file data-v8.txt (compact mmCIF, N, CA and C atoms and all ligand atoms)
# COMPACT_ATOMS: atom_id res chain seq x y z
N MET A 1 0.85 -1.21 0.00
CA MET A 1 0.00 0.00 0.00
C MET A 1 0.88 1.25 0.00
N PRO A 2 0.68 2.16 -0.93
CA PRO A 2 1.52 3.35 -1.02
C PRO A 2 1.20 4.35 0.11
N VAL A 3 2.14 5.27 0.29
CA VAL A 3 1.89 6.37 1.23
C VAL A 3 0.78 7.23 0.65
N GLN A 4 -0.19 7.56 1.49
CA GLN A 4 -1.35 8.37 1.06
C GLN A 4 -1.46 9.59 1.96
N ARG A 5 -2.27 10.53 1.49
CA ARG A 5 -2.68 11.65 2.33
C ARG A 5 -4.20 11.62 2.48
N THR A 6 -4.65 12.07 3.64
CA THR A 6 -6.09 12.18 3.87
C THR A 6 -6.37 13.44 4.67
N LEU A 7 -7.59 13.94 4.60
CA LEU A 7 -7.96 15.11 5.38
C LEU A 7 -8.67 14.68 6.66
N SER A 8 -8.20 15.20 7.77
CA SER A 8 -8.86 15.02 9.06
C SER A 8 -9.33 16.38 9.54
N ILE A 9 -10.52 16.42 10.12
CA ILE A 9 -10.96 17.64 10.81
C ILE A 9 -11.35 17.26 12.23
N ILE A 10 -10.76 17.95 13.19
CA ILE A 10 -11.26 17.86 14.56
C ILE A 10 -12.40 18.87 14.66
N LYS A 11 -13.60 18.37 14.88
CA LYS A 11 -14.83 19.18 14.80
C LYS A 11 -14.99 20.07 16.04
N PRO A 12 -15.92 21.04 15.97
CA PRO A 12 -16.05 22.01 17.08
C PRO A 12 -16.30 21.37 18.45
N ASP A 13 -17.01 20.25 18.50
CA ASP A 13 -17.29 19.64 19.80
C ASP A 13 -15.99 19.14 20.46
N ALA A 14 -15.12 18.52 19.67
CA ALA A 14 -13.88 17.97 20.23
C ALA A 14 -12.88 19.08 20.54
N VAL A 15 -12.87 20.15 19.72
CA VAL A 15 -12.01 21.30 20.05
C VAL A 15 -12.46 21.89 21.39
N ALA A 16 -13.78 22.03 21.57
CA ALA A 16 -14.31 22.62 22.81
C ALA A 16 -14.01 21.73 24.02
N LYS A 17 -13.93 20.43 23.80
CA LYS A 17 -13.64 19.49 24.91
C LYS A 17 -12.15 19.45 25.26
N ASN A 18 -11.33 20.14 24.46
CA ASN A 18 -9.88 20.19 24.76
C ASN A 18 -9.22 18.82 24.59
N VAL A 19 -9.64 18.09 23.55
CA VAL A 19 -9.05 16.77 23.33
C VAL A 19 -8.27 16.70 22.00
N ILE A 20 -7.85 17.88 21.51
CA ILE A 20 -7.03 17.90 20.28
C ILE A 20 -5.80 17.01 20.46
N GLY A 21 -5.12 17.18 21.58
CA GLY A 21 -3.88 16.43 21.80
C GLY A 21 -4.11 14.93 21.84
N ASP A 22 -5.18 14.51 22.49
CA ASP A 22 -5.47 13.08 22.56
C ASP A 22 -5.74 12.50 21.17
N ILE A 23 -6.45 13.27 20.35
CA ILE A 23 -6.79 12.77 19.00
C ILE A 23 -5.53 12.69 18.13
N ILE A 24 -4.69 13.71 18.17
CA ILE A 24 -3.47 13.68 17.36
C ILE A 24 -2.53 12.56 17.85
N ARG A 25 -2.48 12.34 19.13
CA ARG A 25 -1.65 11.25 19.68
C ARG A 25 -2.06 9.91 19.06
N ARG A 26 -3.37 9.69 18.92
CA ARG A 26 -3.83 8.42 18.32
C ARG A 26 -3.34 8.29 16.89
N PHE A 27 -3.38 9.39 16.14
CA PHE A 27 -2.89 9.33 14.76
C PHE A 27 -1.40 8.98 14.75
N GLU A 28 -0.63 9.70 15.56
CA GLU A 28 0.83 9.51 15.55
C GLU A 28 1.21 8.11 16.03
N GLU A 29 0.52 7.62 17.04
CA GLU A 29 0.87 6.29 17.58
C GLU A 29 0.48 5.17 16.62
N ASN A 30 -0.34 5.48 15.64
CA ASN A 30 -0.78 4.46 14.69
C ASN A 30 -0.19 4.66 13.29
N GLY A 31 0.89 5.41 13.21
CA GLY A 31 1.64 5.47 11.95
C GLY A 31 1.26 6.60 11.01
N LEU A 32 0.41 7.52 11.47
CA LEU A 32 0.08 8.68 10.63
C LEU A 32 0.86 9.89 11.12
N SER A 33 1.32 10.72 10.19
CA SER A 33 2.05 11.93 10.53
C SER A 33 1.26 13.15 10.07
N VAL A 34 1.37 14.23 10.83
CA VAL A 34 0.72 15.48 10.44
C VAL A 34 1.58 16.17 9.39
N ALA A 35 1.00 16.41 8.20
CA ALA A 35 1.74 17.05 7.11
C ALA A 35 1.31 18.51 6.91
N ALA A 36 0.19 18.87 7.50
CA ALA A 36 -0.30 20.25 7.46
C ALA A 36 -1.36 20.39 8.55
N MET A 37 -1.53 21.62 9.04
CA MET A 37 -2.47 21.83 10.14
C MET A 37 -2.97 23.27 10.10
N ARG A 38 -4.24 23.46 10.33
CA ARG A 38 -4.81 24.82 10.30
C ARG A 38 -6.06 24.89 11.16
N MET A 39 -6.08 25.81 12.11
CA MET A 39 -7.29 26.02 12.90
C MET A 39 -8.05 27.18 12.28
N THR A 40 -9.36 26.98 12.09
CA THR A 40 -10.15 28.03 11.45
C THR A 40 -11.60 27.95 11.93
N LEU A 41 -12.29 29.07 11.79
CA LEU A 41 -13.72 29.10 12.10
C LEU A 41 -14.45 29.23 10.77
N LEU A 42 -15.11 28.17 10.36
CA LEU A 42 -15.82 28.17 9.07
C LEU A 42 -17.08 29.02 9.16
N THR A 43 -17.42 29.71 8.08
CA THR A 43 -18.75 30.30 8.00
C THR A 43 -19.73 29.18 7.63
N PRO A 44 -21.03 29.39 7.87
CA PRO A 44 -22.00 28.37 7.44
C PRO A 44 -21.89 28.08 5.94
N ALA A 45 -21.62 29.11 5.15
CA ALA A 45 -21.51 28.90 3.70
C ALA A 45 -20.29 28.05 3.35
N GLU A 46 -19.18 28.28 4.06
CA GLU A 46 -17.98 27.46 3.81
C GLU A 46 -18.22 26.02 4.22
N ALA A 47 -18.87 25.83 5.37
CA ALA A 47 -19.20 24.46 5.79
C ALA A 47 -20.11 23.81 4.75
N GLY A 48 -21.02 24.59 4.21
CA GLY A 48 -21.93 24.08 3.19
C GLY A 48 -21.20 23.66 1.93
N ARG A 49 -20.17 24.42 1.55
CA ARG A 49 -19.38 24.04 0.37
C ARG A 49 -18.59 22.76 0.64
N PHE A 50 -18.02 22.68 1.85
CA PHE A 50 -17.23 21.48 2.17
C PHE A 50 -18.11 20.23 2.13
N TYR A 51 -19.33 20.35 2.64
CA TYR A 51 -20.23 19.20 2.72
C TYR A 51 -21.28 19.19 1.60
N ALA A 52 -20.95 19.82 0.47
CA ALA A 52 -21.92 19.93 -0.63
C ALA A 52 -22.49 18.58 -1.07
N VAL A 53 -21.68 17.52 -0.93
CA VAL A 53 -22.13 16.19 -1.32
C VAL A 53 -23.38 15.76 -0.52
N HIS A 54 -23.56 16.36 0.66
CA HIS A 54 -24.72 16.00 1.51
C HIS A 54 -25.87 17.01 1.39
N ALA A 55 -25.82 17.89 0.39
CA ALA A 55 -26.78 19.00 0.31
C ALA A 55 -28.24 18.56 0.31
N GLU A 56 -28.51 17.39 -0.22
CA GLU A 56 -29.90 16.93 -0.30
C GLU A 56 -30.34 16.16 0.95
N ARG A 57 -29.41 15.92 1.87
CA ARG A 57 -29.75 15.10 3.05
C ARG A 57 -30.50 15.95 4.07
N PRO A 58 -31.41 15.32 4.84
CA PRO A 58 -32.21 16.09 5.82
C PRO A 58 -31.37 16.76 6.90
N PHE A 59 -30.19 16.21 7.18
CA PHE A 59 -29.37 16.75 8.26
C PHE A 59 -28.40 17.84 7.78
N TYR A 60 -28.45 18.21 6.50
CA TYR A 60 -27.46 19.14 5.93
C TYR A 60 -27.43 20.50 6.66
N GLY A 61 -28.59 21.08 6.91
CA GLY A 61 -28.66 22.39 7.58
C GLY A 61 -28.04 22.34 8.96
N ASP A 62 -28.41 21.32 9.73
CA ASP A 62 -27.85 21.16 11.08
C ASP A 62 -26.35 20.92 11.02
N LEU A 63 -25.91 20.14 10.03
CA LEU A 63 -24.48 19.85 9.88
C LEU A 63 -23.69 21.13 9.61
N CYS A 64 -24.21 21.98 8.73
CA CYS A 64 -23.52 23.23 8.41
C CYS A 64 -23.49 24.17 9.61
N SER A 65 -24.60 24.23 10.36
CA SER A 65 -24.63 25.06 11.58
C SER A 65 -23.62 24.56 12.59
N PHE A 66 -23.62 23.25 12.78
CA PHE A 66 -22.70 22.67 13.77
C PHE A 66 -21.25 22.91 13.38
N MET A 67 -20.91 22.69 12.12
CA MET A 67 -19.51 22.79 11.70
C MET A 67 -19.01 24.24 11.71
N SER A 68 -19.94 25.20 11.79
CA SER A 68 -19.54 26.61 11.86
C SER A 68 -19.80 27.18 13.26
N SER A 69 -20.09 26.31 14.24
CA SER A 69 -20.44 26.77 15.58
C SER A 69 -19.23 27.09 16.44
N GLY A 70 -18.06 26.71 15.99
CA GLY A 70 -16.83 26.96 16.75
C GLY A 70 -15.65 26.57 15.90
N PRO A 71 -14.44 26.85 16.38
CA PRO A 71 -13.26 26.53 15.57
C PRO A 71 -13.10 25.04 15.31
N VAL A 72 -12.52 24.75 14.15
CA VAL A 72 -12.17 23.38 13.79
C VAL A 72 -10.67 23.33 13.54
N LEU A 73 -10.09 22.14 13.66
CA LEU A 73 -8.68 21.96 13.33
C LEU A 73 -8.60 21.01 12.13
N ALA A 74 -8.24 21.56 10.99
CA ALA A 74 -8.08 20.75 9.78
C ALA A 74 -6.63 20.29 9.69
N MET A 75 -6.45 19.05 9.30
CA MET A 75 -5.09 18.48 9.19
C MET A 75 -4.98 17.61 7.96
N VAL A 76 -3.80 17.62 7.38
CA VAL A 76 -3.46 16.59 6.40
C VAL A 76 -2.67 15.53 7.14
N LEU A 77 -3.15 14.30 7.06
CA LEU A 77 -2.43 13.16 7.66
C LEU A 77 -1.80 12.36 6.54
N GLU A 78 -0.58 11.92 6.78
CA GLU A 78 0.16 11.20 5.76
C GLU A 78 0.65 9.87 6.35
N GLY A 79 0.57 8.83 5.55
CA GLY A 79 1.08 7.53 6.00
C GLY A 79 0.59 6.44 5.09
N LYS A 80 1.06 5.22 5.35
CA LYS A 80 0.61 4.08 4.55
C LYS A 80 -0.87 3.85 4.77
N ASN A 81 -1.62 3.74 3.67
CA ASN A 81 -3.05 3.42 3.78
C ASN A 81 -3.80 4.47 4.62
N ALA A 82 -3.40 5.74 4.51
CA ALA A 82 -3.87 6.78 5.43
C ALA A 82 -5.40 6.95 5.43
N VAL A 83 -6.02 6.82 4.25
CA VAL A 83 -7.47 7.06 4.19
C VAL A 83 -8.21 6.04 5.04
N LYS A 84 -7.91 4.77 4.82
CA LYS A 84 -8.61 3.70 5.54
C LYS A 84 -8.20 3.67 7.00
N LEU A 85 -6.92 3.84 7.25
CA LEU A 85 -6.43 3.81 8.63
C LEU A 85 -7.10 4.90 9.47
N ASN A 86 -7.20 6.12 8.91
CA ASN A 86 -7.87 7.20 9.64
C ASN A 86 -9.33 6.84 9.93
N ARG A 87 -10.02 6.28 8.93
CA ARG A 87 -11.43 5.90 9.14
C ARG A 87 -11.54 4.85 10.25
N GLU A 88 -10.59 3.93 10.31
CA GLU A 88 -10.64 2.91 11.36
C GLU A 88 -10.42 3.53 12.74
N LEU A 89 -9.49 4.47 12.82
CA LEU A 89 -9.22 5.12 14.11
C LEU A 89 -10.40 5.98 14.55
N MET A 90 -11.14 6.56 13.56
CA MET A 90 -12.30 7.40 13.86
C MET A 90 -13.45 6.60 14.46
N GLY A 91 -13.75 5.43 13.89
CA GLY A 91 -14.93 4.67 14.27
C GLY A 91 -16.14 5.09 13.48
N ALA A 92 -17.25 4.40 13.68
CA ALA A 92 -18.46 4.62 12.89
C ALA A 92 -19.03 6.02 13.10
N THR A 93 -19.75 6.51 12.08
CA THR A 93 -20.36 7.85 12.10
C THR A 93 -21.19 8.06 13.36
N ASN A 94 -22.01 7.05 13.68
CA ASN A 94 -22.84 7.12 14.89
C ASN A 94 -22.03 6.53 16.05
N PRO A 95 -21.68 7.37 17.04
CA PRO A 95 -20.82 6.87 18.11
C PRO A 95 -21.40 5.67 18.85
N LYS A 96 -22.72 5.51 18.80
CA LYS A 96 -23.32 4.33 19.46
C LYS A 96 -22.90 3.05 18.75
N GLU A 97 -22.52 3.18 17.49
CA GLU A 97 -22.10 2.00 16.72
C GLU A 97 -20.58 1.92 16.58
N ALA A 98 -19.88 2.89 17.14
CA ALA A 98 -18.42 2.93 16.98
C ALA A 98 -17.76 1.91 17.89
N GLU A 99 -16.77 1.22 17.32
CA GLU A 99 -16.03 0.22 18.08
C GLU A 99 -15.33 0.84 19.29
N ALA A 100 -15.26 0.09 20.38
CA ALA A 100 -14.57 0.56 21.59
C ALA A 100 -13.14 0.95 21.25
N GLY A 101 -12.69 2.02 21.84
CA GLY A 101 -11.30 2.45 21.63
C GLY A 101 -11.12 3.38 20.45
N THR A 102 -12.18 3.59 19.66
CA THR A 102 -12.05 4.53 18.55
C THR A 102 -12.29 5.97 19.05
N ILE A 103 -11.90 6.93 18.23
CA ILE A 103 -12.03 8.34 18.61
C ILE A 103 -13.50 8.68 18.88
N ARG A 104 -14.37 8.22 18.00
CA ARG A 104 -15.79 8.57 18.20
C ARG A 104 -16.38 7.84 19.40
N ALA A 105 -15.99 6.61 19.65
CA ALA A 105 -16.50 5.91 20.84
C ALA A 105 -16.08 6.68 22.10
N ASP A 106 -14.88 7.22 22.09
CA ASP A 106 -14.36 7.86 23.30
C ASP A 106 -14.74 9.33 23.44
N HIS A 107 -14.96 10.03 22.31
CA HIS A 107 -15.13 11.49 22.40
C HIS A 107 -16.42 12.03 21.79
N ALA A 108 -17.17 11.25 21.02
CA ALA A 108 -18.36 11.78 20.36
C ALA A 108 -19.59 11.61 21.24
N ASP A 109 -20.47 12.61 21.20
CA ASP A 109 -21.69 12.56 22.01
C ASP A 109 -22.89 12.10 21.21
N SER A 110 -22.87 12.31 19.90
CA SER A 110 -24.05 12.02 19.08
C SER A 110 -23.61 11.90 17.63
N ILE A 111 -24.55 11.51 16.76
CA ILE A 111 -24.23 11.40 15.34
C ILE A 111 -23.95 12.79 14.74
N ASP A 112 -24.48 13.84 15.35
CA ASP A 112 -24.22 15.21 14.86
C ASP A 112 -22.85 15.68 15.36
N ALA A 113 -22.67 15.62 16.67
CA ALA A 113 -21.42 16.09 17.28
C ALA A 113 -20.52 14.87 17.45
N ASN A 114 -19.86 14.49 16.35
CA ASN A 114 -19.13 13.21 16.39
C ASN A 114 -17.61 13.38 16.25
N ALA A 115 -17.12 14.49 16.73
CA ALA A 115 -15.68 14.69 17.05
C ALA A 115 -14.73 14.87 15.87
N VAL A 116 -14.87 14.06 14.83
CA VAL A 116 -13.89 14.11 13.74
C VAL A 116 -14.54 13.87 12.38
N HIS A 117 -13.89 14.44 11.38
CA HIS A 117 -14.19 14.13 9.98
C HIS A 117 -12.97 13.42 9.39
N GLY A 118 -13.21 12.51 8.46
CA GLY A 118 -12.10 11.91 7.70
C GLY A 118 -12.54 11.63 6.28
N SER A 119 -11.67 11.89 5.34
CA SER A 119 -11.99 11.62 3.93
C SER A 119 -12.33 10.13 3.77
N ASP A 120 -13.24 9.84 2.83
CA ASP A 120 -13.67 8.45 2.65
C ASP A 120 -13.06 7.76 1.42
N SER A 121 -12.23 8.48 0.65
CA SER A 121 -11.53 7.86 -0.48
C SER A 121 -10.33 8.73 -0.81
N ALA A 122 -9.37 8.16 -1.53
CA ALA A 122 -8.18 8.94 -1.91
C ALA A 122 -8.59 10.11 -2.81
N GLU A 123 -9.55 9.86 -3.68
CA GLU A 123 -10.00 10.92 -4.59
C GLU A 123 -10.65 12.07 -3.81
N ASN A 124 -11.55 11.75 -2.89
CA ASN A 124 -12.17 12.80 -2.08
C ASN A 124 -11.14 13.48 -1.17
N ALA A 125 -10.15 12.72 -0.73
CA ALA A 125 -9.10 13.32 0.11
C ALA A 125 -8.40 14.45 -0.64
N ALA A 126 -8.08 14.24 -1.89
CA ALA A 126 -7.39 15.27 -2.67
C ALA A 126 -8.25 16.53 -2.77
N THR A 127 -9.53 16.35 -3.04
CA THR A 127 -10.45 17.50 -3.13
C THR A 127 -10.55 18.22 -1.79
N GLU A 128 -10.71 17.44 -0.71
CA GLU A 128 -10.90 18.03 0.61
C GLU A 128 -9.63 18.72 1.11
N ILE A 129 -8.47 18.13 0.81
CA ILE A 129 -7.20 18.76 1.21
C ILE A 129 -7.08 20.12 0.51
N SER A 130 -7.44 20.18 -0.76
CA SER A 130 -7.28 21.45 -1.49
C SER A 130 -8.31 22.49 -1.05
N PHE A 131 -9.36 22.06 -0.37
CA PHE A 131 -10.32 23.02 0.19
C PHE A 131 -9.66 23.84 1.30
N PHE A 132 -8.80 23.21 2.08
CA PHE A 132 -8.19 23.87 3.24
C PHE A 132 -6.76 24.34 3.03
N PHE A 133 -6.01 23.66 2.14
CA PHE A 133 -4.57 23.89 2.08
C PHE A 133 -4.07 24.14 0.67
N ALA A 134 -3.10 25.06 0.59
CA ALA A 134 -2.34 25.24 -0.65
C ALA A 134 -1.18 24.24 -0.62
N GLY A 135 -0.80 23.78 -1.79
CA GLY A 135 0.25 22.77 -1.88
C GLY A 135 1.52 23.15 -1.13
N LEU A 136 1.86 24.42 -1.18
CA LEU A 136 3.10 24.88 -0.54
C LEU A 136 3.06 24.71 0.98
N ASP A 137 1.86 24.60 1.55
CA ASP A 137 1.72 24.50 3.00
C ASP A 137 1.64 23.07 3.49
N ILE A 138 1.87 22.11 2.61
CA ILE A 138 1.84 20.70 2.99
C ILE A 138 3.25 20.15 2.93
N GLN A 139 3.70 19.59 4.07
CA GLN A 139 5.07 19.05 4.16
C GLN A 139 5.01 17.53 4.07
N SER A 140 6.03 16.94 3.49
CA SER A 140 6.07 15.47 3.42
C SER A 140 6.87 14.91 4.58
P1 LIG B 201 -18.72 10.40 8.11
O1 LIG B 201 -18.39 11.68 8.82
O2 LIG B 201 -18.56 9.21 9.01
O3 LIG B 201 -17.99 10.24 6.80
P2 LIG B 201 -21.09 11.02 6.52
O4 LIG B 201 -20.14 11.46 5.43
O5 LIG B 201 -22.14 10.04 6.17
O6 LIG B 201 -20.28 10.44 7.78
O7 LIG B 201 -21.82 12.29 7.11
C1 LIG B 201 -21.13 13.51 7.33
C2 LIG B 201 -21.49 14.03 8.69
O8 LIG B 201 -22.87 14.38 8.68
C3 LIG B 201 -21.36 13.03 9.84
O9 LIG B 201 -20.04 12.94 10.36
C4 LIG B 201 -22.32 13.58 10.85
O10 LIG B 201 -21.74 14.68 11.56
C5 LIG B 201 -23.44 14.11 9.96
N1 LIG B 201 -24.47 13.08 9.82
C6 LIG B 201 -24.43 11.98 9.05
N2 LIG B 201 -25.57 11.27 9.14
C7 LIG B 201 -26.35 11.94 10.01
C8 LIG B 201 -27.65 11.71 10.53
N3 LIG B 201 -28.38 10.65 10.18
N4 LIG B 201 -28.13 12.63 11.39
C9 LIG B 201 -27.40 13.70 11.75
N5 LIG B 201 -26.15 13.98 11.28
C10 LIG B 201 -25.64 13.09 10.43
MG MG B 202 -18.14 11.31 5.05
call {"tool": "encode", "arguments": {"input": "data-v8.txt", "output": "structure tokens"}}
result
Amino acid sequence: MPVQRTLSIIKPDAVAKNVIGDIIRRFEENGLSVAAMRMTLLTPAEAGRFYAVHAERPFYGDLCSFMSSGPVLAMVLEGKNAVKLNRELMGATNPKEAEAGTIRADHADSIDANAVHGSDSAENAATEISFFFAGLDIQS
């Protein structure tokens, strides 16, 4: 499996809980490295653009409000099999279904406030990374 990049976002709920360090530790201890990092407060419109793929879903409005409710920490993670590995460390979307020991099992309160985002394919990772980062700001 080649070295890949994926986009991770620590969502407003996890930033507010002060667990940024715990989440990044899990990435680093499992073979992922931070290649770029940026804390930002999204506007609802920016959150809407990022999640445009979900525009027709009933939860889209709430998702955009939530993602713009406080600062987020966007990161590029790099490592072997990074897309899938990050998804495994995150756990299922609904924390009630997330495996024990995953980020969402340990830090998410609900399917809305579920602590982290992670790209779901290498192709989407490239699009999502370019939403937050210019190439010059990503280190290998
Ligand atoms: P994931 O973040 O695991 O990739 P999705 O891409 O399906 O999940 O959904 C994006 C985000 O939208 C989820 O992380 C969650 O915050 C929110 N979401 C998804 N499904 C629901 C739902 N049924 N009700 C409320 N929010 C949801
Ligand atoms: Mg998704």
call {"tool": "closest_residue", "arguments": {"input": "data-v8.txt", "among": "A:Ile10, A:Ala92, A:Ala98, A:Ala105", "to": "His117 (chain A)", "atoms": "only C-alpha atoms"}}
result
A:Ile10
call {"tool": "closest_residue", "arguments": {"input": "data-v8.txt", "among": "A:Thr6, A:Ser140, A:Asn30, A:Asn18", "to": "Asp120 (chain A)", "atoms": "only N, CA and C atoms"}}
result
A:Thr6
call {"tool": "closest_atom_pairs", "arguments": {"input": "data-v8.txt", "of": "chain A", "to": "ligand LIG 201 (chain B)", "cutoff": "12 Å", "atoms": "only C-alpha atoms and all ligand atoms", "output": "Markdown table"}}
result
| residue | atom | partner | partner_atom | distance |
| --- | --- | --- | --- | --- |
| A:Leu7 | CA | B:LIG201 | O3 | 11.2 |
| A:Ser8 | CA | B:LIG201 | O1 | 10.1 |
| A:Ile9 | CA | B:LIG201 | O1 | 9.7 |
| A:Ile10 | CA | B:LIG201 | O9 | 10.9 |
| A:Lys11 | CA | B:LIG201 | O10 | 8.9 |
| A:Pro12 | CA | B:LIG201 | O10 | 10.8 |
| A:Asp13 | CA | B:LIG201 | O10 | 10.6 |
| A:Ala47 | CA | B:LIG201 | C2 | 11.1 |
| A:Gly48 | CA | B:LIG201 | O8 | 11.2 |
| A:Phe50 | CA | B:LIG201 | C1 | 10.3 |
| A:Tyr51 | CA | B:LIG201 | C1 | 7.4 |
| A:Ala52 | CA | B:LIG201 | C1 | 10.3 |
| A:Val53 | CA | B:LIG201 | O4 | 8.5 |
| A:His54 | CA | B:LIG201 | C1 | 7.3 |
| A:Ala55 | CA | B:LIG201 | O8 | 10.3 |
| A:Glu56 | CA | B:LIG201 | O8 | 11.7 |
| A:Arg57 | CA | B:LIG201 | N2 | 8.3 |
| A:Pro58 | CA | B:LIG201 | N4 | 7.7 |
| A:Phe59 | CA | B:LIG201 | C9 | 5.0 |
| A:Tyr60 | CA | B:LIG201 | O8 | 7.2 |
| A:Gly61 | CA | B:LIG201 | N5 | 9.5 |
| A:Asp62 | CA | B:LIG201 | N5 | 7.4 |
| A:Leu63 | CA | B:LIG201 | O8 | 5.8 |
| A:Cys64 | CA | B:LIG201 | O8 | 8.9 |
| A:Ser65 | CA | B:LIG201 | O10 | 10.8 |
| A:Phe66 | CA | B:LIG201 | O10 | 8.3 |
| A:Met67 | CA | B:LIG201 | O10 | 8.4 |
| A:Val83 | CA | B:LIG201 | O3 | 11.3 |
| A:Lys84 | CA | B:LIG201 | O3 | 11.5 |
| A:Asn86 | CA | B:LIG201 | O2 | 10.9 |
| A:Arg87 | CA | B:LIG201 | O2 | 7.9 |
| A:Glu88 | CA | B:LIG201 | O2 | 10.4 |
| A:Leu89 | CA | B:LIG201 | O2 | 11.4 |
| A:Met90 | CA | B:LIG201 | O2 | 8.1 |
| A:Gly91 | CA | B:LIG201 | O2 | 7.8 |
| A:Ala92 | CA | B:LIG201 | O2 | 6.0 |
| A:Thr93 | CA | B:LIG201 | O2 | 3.8 |
| A:Asn94 | CA | B:LIG201 | O2 | 7.6 |
| A:Pro95 | CA | B:LIG201 | O2 | 9.7 |
| A:Glu97 | CA | B:LIG201 | O2 | 11.1 |
| A:Ala98 | CA | B:LIG201 | O2 | 10.1 |
| A:Ile103 | CA | B:LIG201 | O2 | 11.6 |
| A:Arg104 | CA | B:LIG201 | O2 | 9.6 |
| A:Ala108 | CA | B:LIG201 | O10 | 9.9 |
| A:Asp109 | CA | B:LIG201 | O10 | 10.7 |
| A:Ser110 | CA | B:LIG201 | C9 | 8.2 |
| A:Ile111 | CA | B:LIG201 | N5 | 5.2 |
| A:Asp112 | CA | B:LIG201 | O10 | 4.2 |
| A:Ala113 | CA | B:LIG201 | O10 | 5.9 |
| A:Asn114 | CA | B:LIG201 | O10 | 5.7 |
| A:Ala115 | CA | B:LIG201 | O9 | 8.2 |
| A:Val116 | CA | B:LIG201 | O1 | 7.1 |
| A:His117 | CA | B:LIG201 | O1 | 5.0 |
| A:Gly118 | CA | B:LIG201 | O3 | 6.2 |
| A:Ser119 | CA | B:LIG201 | O3 | 6.8 |
| A:Asp120 | CA | B:LIG201 | O3 | 6.3 |
| A:Ser121 | CA | B:LIG201 | O3 | 10.0 |
| A:Asn124 | CA | B:LIG201 | O3 | 10.9 |
| A:Ala125 | CA | B:LIG201 | O3 | 11.5 |
call {"tool": "closest_residue", "arguments": {"input": "data-v8.txt", "among": "A:Val15, A:Val3, A:Ala45, A:Leu136", "to": "Asn81 (chain A)", "atoms": "only N, CA and C atoms"}}
result
A:Val3
call {"tool": "closest_residue", "arguments": {"input": "data-v8.txt", "among": "A:Leu42, A:Asp22, A:Ala16, A:Ser33", "to": "Asp106 (chain A)", "atoms": "only C-alpha atoms"}}
result
A:Asp22
call {"tool": "axis_aligned_box", "arguments": {"input": "data-v8.txt", "around": "region 19-26 of chain A", "padding_each_side": "3 Å", "output": "JSON"}}
result
{"center_x": -5.6, "center_y": 13.2, "center_z": 20.2, "size_x": 14.0, "size_y": 15.8, "size_z": 12.7}
call {"tool": "atom_distance", "arguments": {"input": "data-v8.txt", "atom1": "CA of Met39 (chain A)", "atom2": "CA of Glu99 (chain A)"}}
result
27.7 Å
call {"tool": "select_by_dssp", "arguments": {"input": "data-v8.txt", "residues": "region 16-76 of chain A", "states": "strand (DSSP E or B)", "output": "list in words"}}
result
Ser33, Val34, Ala35, Ala36, Met37, Arg38, Met39, Thr40, Val72, Leu73, Ala74, Met75 and Val76 of chain A
call {"tool": "residues_around", "arguments": {"input": "data-v8.txt", "residues": "Val34 (chain A)", "least_positions_apart": "5", "cutoff": "6.5 Å", "atoms": "all atoms listed in the file", "output": "number ranges by chain"}}
result
A: 76-78, 139
call {"tool": "closest_residue", "arguments": {"input": "data-v8.txt", "among": "A:Glu46, A:Ala35, A:Gly79, A:Gly101", "to": "Ile138 (chain A)", "atoms": "only N, CA and C atoms"}}
result
A:Ala35
call {"tool": "residues_near_point", "arguments": {"input": "data-v8.txt", "point": "(-2.9, 20.4, 5.4)", "cutoff": "7 Å", "atoms": "only C-alpha atoms", "output": "PyMOL selection string"}}
result
chain A and resi 35-38+74-76+129+132-133+137-138
call {"tool": "write_last_selection", "arguments": {"input": "data-v8.txt", "atoms": "N, CA and C atoms", "output": "compact mmCIF listing (two decimals), keeping the file's coordinate frame"}}
result
# COMPACT_ATOMS: atom_id res chain seq x y z
N ALA A 35 1.00 16.41 8.20
CA ALA A 35 1.74 17.05 7.11
C ALA A 35 1.31 18.51 6.91
N ALA A 36 0.19 18.87 7.50
CA ALA A 36 -0.30 20.25 7.46
C ALA A 36 -1.36 20.39 8.55
N MET A 37 -1.53 21.62 9.04
CA MET A 37 -2.47 21.83 10.14
C MET A 37 -2.97 23.27 10.10
N ARG A 38 -4.24 23.46 10.33
CA ARG A 38 -4.81 24.82 10.30
C ARG A 38 -6.06 24.89 11.16
N ALA A 74 -8.24 21.56 10.99
CA ALA A 74 -8.08 20.75 9.78
C ALA A 74 -6.63 20.29 9.69
N MET A 75 -6.45 19.05 9.30
CA MET A 75 -5.09 18.48 9.19
C MET A 75 -4.98 17.61 7.96
N VAL A 76 -3.80 17.62 7.38
CA VAL A 76 -3.46 16.59 6.40
C VAL A 76 -2.67 15.53 7.14
N ILE A 129 -8.47 18.13 0.81
CA ILE A 129 -7.20 18.76 1.21
C ILE A 129 -7.08 20.12 0.51
N PHE A 132 -8.80 23.21 2.08
CA PHE A 132 -8.19 23.87 3.24
C PHE A 132 -6.76 24.34 3.03
N PHE A 133 -6.01 23.66 2.14
CA PHE A 133 -4.57 23.89 2.08
C PHE A 133 -4.07 24.14 0.67
N ASP A 137 1.86 24.60 1.55
CA ASP A 137 1.72 24.50 3.00
C ASP A 137 1.64 23.07 3.49
N ILE A 138 1.87 22.11 2.61
CA ILE A 138 1.84 20.70 2.99
C ILE A 138 3.25 20.15 2.93
call {"tool": "atom_distance", "arguments": {"input": "data-v8.txt", "atom1": "atom N of Pro44 (chain A)", "atom2": "CA of Ser69 (chain A)"}}
result
8.2 Å
call {"tool": "atom_distance", "arguments": {"input": "data-v8.txt", "atom1": "CA of Thr43 (chain A)", "atom2": "atom MG of ligand MG 202 (chain B)"}}
result
19.2 Å
